[in-house]
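Engineer: Can you read through this structure? Questions will come right after.
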Amino acid sequence: MDLEGLVRRANLSMVAFDLALGTGTLLAPDQTLALLGHDAPSDDARELFRRCGPIWLTFAAAHAVAAVRDKPEDWWAVAWLRGTELFTDVVWSNSRAVPAMRSKLALRGAGVYNLALALGSAVVARRA
């Protein structure tokens, strides 16, 4: 599979991932945080996390639009959105509320994944 095909496949997986994450964050924040390796949240942490639900649902929509319309501006939007997420999970990985090393590593790896998807989406945008 070539780079463009890989980016397109990753983009589709992000529709599902961000849809699940956004929905879980809004409807079942404690369980979603637990799946991510977070300790039981305080009330304020829970609501700050829930605040991200609409953000992730917006990301899911952006990935879906890029997949369906396949226009350069849609792929540039995905590249930009993923770029905004380069360090957010890395910062979160430093929280004492994420005690498991595997969860910390996964959150740090998310930054690398976001960088790869941002760059890959830019490549697709330039080819479209």
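Chain labels follow the order of the structure tokens: the first chain is A, the next B, and so on; residue numbering restarts at 1 in every chain, and ligands are counted from 1 in their shown order.
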Extract, using only C-alpha atoms, all DNA, RNA and protein residues at most 8 Å from stretch 102-111 of chain A, discarding same-chain residues fewer than 4 positions from it, and format them as a ChimeraX atom specification.

Structural biologist: /A:36-37,85-90,92-94,98,115

Engineer: Leaving out A:Phe49 and any residue of its chain fewer than 2 positions from it, which residues lie within 9 Å of it when counting only C-alpha atoms, given as an MDAnalysis selection string?

Structural biologist: chainID A and resid 25:26 29 33 44:47 51:53

Engineer: Using only C-alpha atoms for the distances, tell me which of A:Ala34, A:Val112, A:Ala100, A:Ala79 is nearest to A:Val7.

Structural biologist: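 Ranked by minimum distance to A:Val7, first place goes to A:Ala79.
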
Engineer: Would you please extract all alpha helix (DSSP H) residues from chain A, as assigned by DSSP on the backbone, and give them as a count of residues only?

Structural biologist: 102

Engineer: Set the distance at 10 Å and use only C-alpha atoms: which residues neighbour A:Ser42 once local chain neighbours fewer than 5 positions away are removed? I'd like the list as a PyMOL selection string.

Structural biologist: chain A and resi 30+47-48+97

Engineer: Those residues with N, CA and C atoms, as a PDB file, in the first residue's frame please?

Structural biologist:
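Okay, again38.pdb is ready:
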ATOM      1  N   ASP A  30     -16.405   8.607  33.069  1.00  0.00           N
ATOM      2  CA  ASP A  30     -15.595   7.829  34.011  1.00  0.00           C
ATOM      3  C   ASP A  30     -15.084   6.550  33.371  1.00  0.00           C
ATOM      4  N   GLU A  47     -15.619  16.820  34.297  1.00  0.00           N
ATOM      5  CA  GLU A  47     -16.296  17.810  33.456  1.00  0.00           C
ATOM      6  C   GLU A  47     -15.342  18.452  32.460  1.00  0.00           C
ATOM      7  N   LEU A  48     -14.084  18.609  32.832  1.00  0.00           N
ATOM      8  CA  LEU A  48     -13.104  19.101  31.854  1.00  0.00           C
ATOM      9  C   LEU A  48     -12.919  18.087  30.728  1.00  0.00           C
ATOM     10  N   ALA A  97      -2.609  11.324  37.595  1.00  0.00           N
ATOM     11  CA  ALA A  97      -3.852  10.554  37.509  1.00  0.00           C
ATOM     12  C   ALA A  97      -3.783   9.483  36.422  1.00  0.00           C
TER      13      ALA A  97
END

Engineer: Show me, as a PyMOL selection string, the residues that have an atom within 10 Å of A:Leu19 when counting only C-alpha atoms, minus same-chain residues fewer than 3 positions from it.

Structural biologist: chain A and resi 13-16+22-25+53-54+56-61

Engineer: Between A:Ala122, A:Ile55, A:Lys71, A:Ser95, which residue has the minimum interatomic distance to A:Gly83, considering only C-alpha atoms?

Structural biologist: A:Ala122

Engineer: Would you list the contacts of A:Ala67 as a list in words, taking every protein, DNA or RNA residue within 10 Å and counting only C-alpha atoms, but skipping same-chain residues closer than 5 positions in sequence?

Structural biologist: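 Those residues are Arg8, Arg9, Asn11, Leu12, Val15, Ala61, Ala62, Asp74 and Trp75 of chain A.
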
Engineer: Excluding stretch 1-6 of chain A and residues on its chain fewer than 3 positions from it, collect all residues at most 8 Å away from it, counting only C-alpha atoms, and give them as an MDAnalysis selection string.

Structural biologist: chainID A and resid 9:10 120 123:124

Engineer: How about saving the chosen residues, N, CA, C and O atoms kept, as a PDB file, in the first residue's frame?

Structural biologist:
ATOM      1  N   ARG A   9      -6.671   5.218   4.758  1.00  0.00           N
ATOM      2  CA  ARG A   9      -7.139   4.180   5.680  1.00  0.00           C
ATOM      3  C   ARG A   9      -7.090   4.690   7.122  1.00  0.00           C
ATOM      4  O   ARG A   9      -8.021   4.477   7.896  1.00  0.00           O
ATOM      5  N   ALA A  10      -6.001   5.366   7.478  1.00  0.00           N
ATOM      6  CA  ALA A  10      -5.883   5.929   8.829  1.00  0.00           C
ATOM      7  C   ALA A  10      -6.975   6.969   9.063  1.00  0.00           C
ATOM      8  O   ALA A  10      -7.550   7.048  10.158  1.00  0.00           O
ATOM      9  N   GLY A 120       0.862  13.319   6.642  1.00  0.00           N
ATOM     10  CA  GLY A 120       0.267  12.503   5.590  1.00  0.00           C
ATOM     11  C   GLY A 120      -0.931  13.168   4.942  1.00  0.00           C
ATOM     12  O   GLY A 120      -1.117  13.114   3.718  1.00  0.00           O
ATOM     13  N   VAL A 123       0.191  15.706   2.525  1.00  0.00           N
ATOM     14  CA  VAL A 123       0.621  15.087   1.272  1.00  0.00           C
ATOM     15  C   VAL A 123      -0.608  14.791   0.398  1.00  0.00           C
ATOM     16  O   VAL A 123      -0.606  15.086  -0.806  1.00  0.00           O
ATOM     17  N   VAL A 124      -1.653  14.236   0.981  1.00  0.00           N
ATOM     18  CA  VAL A 124      -2.880  13.951   0.218  1.00  0.00           C
ATOM     19  C   VAL A 124      -3.474  15.255  -0.305  1.00  0.00           C
ATOM     20  O   VAL A 124      -3.925  15.326  -1.461  1.00  0.00           O
TER      21      VAL A 124
END

Engineer: Quick one: pull the distance between atom CA of A:Leu35 and atom CA of A:Ala64, Å, one decimal.

Structural biologist: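 About the pair atom CA of A:Leu35 and atom CA of A:Ala64: they are 24.5 Å apart.
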
Engineer: What's the separation between atom CA of A:Leu81 and atom CA of A:Ser121, in Å to one decimal place?

Structural biologist: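 Pair atom CA of A:Leu81 / atom CA of A:Ser121 returns 10.2 Å.
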
Engineer: Between atom CA of A:Trp76 and atom CA of A:Leu21, what is the distance in Å, rounded to a tenth?

Structural biologist: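 Separation of atom CA of A:Trp76 and atom CA of A:Leu21: 22.5 Å.
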
Engineer: Considering only C-alpha atoms, state which residue in the set A:Ala20, A:Ala40, A:Leu119, A:Ala128 is at the smallest distance from A:Trp80.

Structural biologist: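 Counting only C-alpha atoms, the residue closest to A:Trp80 is A:Leu119.
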